[in-house]
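> Have a peek at start-v1.cif (mmCIF, C-alpha atoms).
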```cif
data_coords
loop_
_atom_site.group_PDB
_atom_site.id
_atom_site.type_symbol
_atom_site.label_atom_id
_atom_site.label_comp_id
_atom_site.auth_asym_id
_atom_site.auth_seq_id
_atom_site.Cartn_x
_atom_site.Cartn_y
_atom_site.Cartn_z
ATOM 1 C CA MET A 1 -14.855 52.412 12.700
ATOM 2 C CA LYS A 2 -14.677 50.350 15.889
ATOM 3 C CA ARG A 3 -10.938 49.842 15.378
ATOM 4 C CA ILE A 4 -10.351 53.600 15.023
ATOM 5 C CA PHE A 5 -12.361 54.293 18.183
ATOM 6 C CA SER A 6 -10.368 51.650 20.123
ATOM 7 C CA ALA A 7 -7.057 53.089 18.912
ATOM 8 C CA LEU A 8 -8.170 56.618 19.821
ATOM 9 C CA ALA A 9 -9.275 55.492 23.283
ATOM 10 C CA LEU A 10 -5.984 53.692 23.892
ATOM 11 C CA PHE A 11 -3.995 56.716 22.715
ATOM 12 C CA SER A 12 -6.031 58.979 25.013
ATOM 13 C CA VAL A 13 -5.379 56.792 28.043
ATOM 14 C CA VAL A 14 -1.649 56.575 27.298
ATOM 15 C CA ALA A 15 -1.411 60.333 26.731
ATOM 16 C CA PHE A 16 -3.315 61.022 29.968
ATOM 17 C CA VAL A 17 -1.064 58.761 32.029
ATOM 18 C CA ALA A 18 2.068 60.233 30.428
ATOM 19 C CA ALA A 19 0.858 63.767 31.124
ATOM 20 C CA CYS A 20 0.186 62.872 34.745
ATOM 21 C CA ALA A 21 3.680 61.569 35.368
ATOM 22 C CA GLY A 22 4.214 62.507 38.972
ATOM 23 C CA GLN A 23 7.276 63.836 40.676
ATOM 24 C CA PRO A 24 9.499 61.335 42.507
ATOM 25 C CA TYR A 25 8.782 60.863 46.197
ATOM 26 C CA VAL A 26 9.757 58.704 49.159
ATOM 27 C CA HIS A 27 7.246 55.892 49.524
ATOM 28 C CA LYS A 28 6.425 55.072 53.132
ATOM 29 C CA SER A 29 4.512 51.839 53.413
ATOM 30 C CA GLY A 30 1.503 52.172 55.695
ATOM 31 C CA GLU A 31 1.894 55.938 55.950
ATOM 32 C CA PHE A 32 -1.870 56.463 55.834
ATOM 33 C CA ASN A 33 -2.832 53.338 57.787
ATOM 34 C CA ARG A 34 -4.271 54.652 61.034
ATOM 35 C CA ALA A 35 -3.926 51.210 62.624
ATOM 36 C CA SER A 36 -0.131 51.133 62.185
ATOM 37 C CA SER A 37 1.995 51.652 65.297
ATOM 38 C CA GLY A 38 3.957 54.555 63.794
ATOM 39 C CA PHE A 39 1.013 56.463 62.306
ATOM 40 C CA GLY A 40 1.555 60.223 62.430
ATOM 41 C CA GLN A 41 4.983 59.947 64.030
ATOM 42 C CA THR A 42 8.290 60.973 62.540
ATOM 43 C CA GLU A 43 10.806 58.233 61.889
ATOM 44 C CA LYS A 44 13.702 58.012 64.313
ATOM 45 C CA ASP A 45 15.810 55.638 62.219
ATOM 46 C CA ILE A 46 15.723 54.202 58.714
ATOM 47 C CA SER A 47 17.318 51.112 57.219
ATOM 48 C CA ASN A 48 15.346 50.696 53.966
ATOM 49 C CA LEU A 49 14.143 53.329 51.545
ATOM 50 C CA THR A 50 11.810 53.208 48.553
ATOM 51 C CA ILE A 51 11.542 56.051 46.051
ATOM 52 C CA CYS A 52 8.687 56.007 43.537
ATOM 53 C CA TYR A 53 9.362 57.693 40.207
ATOM 54 C CA ASN A 54 8.488 57.778 36.523
ATOM 55 C CA SER A 55 11.401 57.236 34.147
ATOM 56 C CA SER A 56 9.916 59.589 31.547
ATOM 57 C CA SER A 57 10.083 62.588 33.894
ATOM 58 C CA THR A 58 12.878 61.685 36.336
ATOM 59 C CA THR A 59 16.552 60.867 35.815
ATOM 60 C CA PRO A 60 18.458 58.236 37.795
ATOM 61 C CA GLN A 61 20.641 61.044 39.154
ATOM 62 C CA GLN A 62 17.573 62.727 40.697
ATOM 63 C CA VAL A 63 16.480 59.474 42.341
ATOM 64 C CA ASN A 64 19.981 58.816 43.648
ATOM 65 C CA LYS A 65 20.236 62.355 45.017
ATOM 66 C CA MET A 66 16.912 61.932 46.830
ATOM 67 C CA ALA A 67 18.105 58.666 48.372
ATOM 68 C CA ILE A 68 21.384 60.210 49.505
ATOM 69 C CA GLU A 69 19.566 63.149 51.096
ATOM 70 C CA GLU A 70 16.965 60.966 52.820
ATOM 71 C CA CYS A 71 19.553 58.589 54.292
ATOM 72 C CA ALA A 72 21.809 61.520 55.230
ATOM 73 C CA ALA A 73 18.992 62.875 57.400
ATOM 74 C CA PHE A 74 19.698 59.835 59.622
ATOM 75 C CA ASN A 75 23.489 60.125 59.210
ATOM 76 C CA LYS A 76 23.600 57.100 56.907
ATOM 77 C CA THR A 77 24.683 56.416 53.343
ATOM 78 C CA ALA A 78 22.444 55.111 50.550
ATOM 79 C CA LYS A 79 23.157 51.912 48.633
ATOM 80 C CA PHE A 80 21.027 50.997 45.613
ATOM 81 C CA VAL A 81 19.490 47.523 45.927
ATOM 82 C CA GLY A 82 17.147 47.202 42.941
ATOM 83 C CA GLN A 83 13.845 48.160 41.353
ATOM 84 C CA GLU A 84 10.312 46.833 41.592
ATOM 85 C CA TYR A 85 7.155 47.527 39.632
ATOM 86 C CA ASN A 86 4.490 46.366 42.080
ATOM 87 C CA VAL A 87 4.828 48.906 44.897
ATOM 88 C CA CYS A 88 4.092 52.370 43.497
ATOM 89 C CA PRO A 89 1.016 53.802 41.715
ATOM 90 C CA LEU A 90 0.601 53.999 37.947
ATOM 91 C CA THR A 91 1.785 57.609 37.589
ATOM 92 C CA THR A 92 5.116 56.771 39.266
ATOM 93 C CA PRO A 93 5.374 53.034 38.562
ATOM 94 C CA ILE A 94 9.028 52.346 39.353
ATOM 95 C CA ALA A 95 10.116 51.714 42.937
ATOM 96 C CA ALA A 96 13.841 52.227 43.455
ATOM 97 C CA LYS A 97 14.934 50.336 46.564
ATOM 98 C CA PHE A 98 17.848 51.501 48.698
ATOM 99 C CA ASN A 99 19.449 50.414 51.948
ATOM 100 C CA CYS A 100 20.543 53.130 54.337
ATOM 101 C CA LEU A 101 23.836 51.899 55.754
ATOM 102 C CA GLY A 102 25.934 53.000 58.658
ATOM 103 C CA SER A 103 25.603 53.285 62.376
ATOM 104 C CA GLY A 104 24.503 56.884 62.223
ATOM 105 C CA ASN A 105 27.829 57.855 63.776
ATOM 106 C CA PHE A 106 29.769 60.285 61.629
ATOM 107 C CA VAL A 107 32.336 61.197 64.254
ATOM 108 C CA GLY A 108 35.717 61.058 62.586
ATOM 109 C CA SER A 109 34.365 61.300 59.057
ATOM 110 C CA ASP A 110 35.602 63.781 56.511
ATOM 111 C CA GLY A 111 32.114 65.252 55.958
ATOM 112 C CA GLN A 112 31.611 63.357 52.700
ATOM 113 C CA ALA A 113 28.990 60.962 54.076
ATOM 114 C CA VAL A 114 31.522 58.280 54.975
ATOM 115 C CA PRO A 115 30.886 57.024 58.515
ATOM 116 C CA GLY A 116 33.887 56.647 60.780
ATOM 117 C CA GLY A 117 35.125 53.044 60.861
ATOM 118 C CA THR A 118 34.051 52.259 57.287
ATOM 119 C CA LEU A 119 36.207 49.651 55.538
ATOM 120 C CA MET A 120 37.822 51.314 52.522
ATOM 121 C CA ASN A 121 39.876 49.901 49.644
ATOM 122 C CA TYR A 122 42.402 52.183 47.995
ATOM 123 C CA ASP A 123 44.525 50.624 45.235
ATOM 124 C CA GLY A 124 44.220 47.193 46.838
ATOM 125 C CA ILE A 125 45.093 48.400 50.330
ATOM 126 C CA GLU A 126 42.243 47.920 52.805
ATOM 127 C CA PHE A 127 41.945 50.181 55.838
ATOM 128 C CA ARG A 128 39.364 51.514 58.257
ATOM 129 C CA TYR A 129 38.391 55.120 57.736
#
```
Represent the supplied structure as structure tokens.


Amino acid sequence: MKRIFSALALFSVVAFVAACAGQPYVHKSGEFNRASSGFGQTEKDISNLTICYNSSSTTPQQVNKMAIEECAAFNKTAKFVGQEYNVCPLTTPIAAKFNCLGSGNFVGSDGQAVPGGTLMNYDGIEFRY
């Protein structure tokens, strides 16, 4: 009887956590820390980005799209760096880490989020865009 109760309790906890799988969001470290220097202020520049998500309710394409949009707000491009499991809460346990690259200067770009002056490689021929 004790074994059945334990199994039922475990199943209930797993089902509850799975049902509460949150939507992906941009994690801002110290966002609610009133002692931080940037508390309550909008960011003027960004070089690193963390997106918290749950793999059961979010696709990698959604996470990548969020990163591209967030970095694009600062005229930068997103580059995936890796994942961590010790940053985000239990309902969105995976932290996708990105670097936002570029100088923020898109003068001379073709509008496809490629900053002017970016080193490109086309069929083995390197050139500056």

> Could you check which of A:Thr92, A:Thr58, A:Thr50, A:Asn99 is closest to Ala78 of chain A, using all atoms listed in the file?

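The answer is A:Asn99, which sits nearest to Ala78 of chain A.
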
> Of the residues A:Gly30, A:Gly38, A:Pro89, A:Gly102, which is the one nearest to Tyr53 of chain A, using only C-alpha atoms?

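When distances to Tyr53 of chain A are compared using only C-alpha atoms, the smallest one comes from A:Pro89.
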
> Do you know which residues are at most 12 Å from His27 of chain A counting all atoms listed in the file, after dropping those on the same chain fewer than 4 positions away, and could you put them as a CSV table (one decimal) with C-alpha atoms, in the frame of the given file?


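Produced file result-v9.csv, reproduced below:
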```csv
chain,number,residue,atom,x,y,z
A,23,GLN,CA,7.3,63.8,40.7
A,31,GLU,CA,1.9,55.9,56.0
A,32,PHE,CA,-1.9,56.5,55.8
A,48,ASN,CA,15.3,50.7,54.0
A,49,LEU,CA,14.1,53.3,51.5
A,50,THR,CA,11.8,53.2,48.6
A,51,ILE,CA,11.5,56.1,46.1
A,52,CYS,CA,8.7,56.0,43.5
A,53,TYR,CA,9.4,57.7,40.2
A,66,MET,CA,16.9,61.9,46.8
A,67,ALA,CA,18.1,58.7,48.4
A,70,GLU,CA,17.0,61.0,52.8
A,87,VAL,CA,4.8,48.9,44.9
A,88,CYS,CA,4.1,52.4,43.5
A,89,PRO,CA,1.0,53.8,41.7
A,92,THR,CA,5.1,56.8,39.3
A,93,PRO,CA,5.4,53.0,38.6
A,94,ILE,CA,9.0,52.3,39.4
A,95,ALA,CA,10.1,51.7,42.9
A,96,ALA,CA,13.8,52.2,43.5
A,97,LYS,CA,14.9,50.3,46.6
A,98,PHE,CA,17.8,51.5,48.7
```

> From the options A:Ser29, A:Asn75, A:Asn64, A:Thr59, which residue's atoms come nearest to Lys44 of chain A, counting only C-alpha atoms?

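The closest residue to Lys44 of chain A is A:Asn75.
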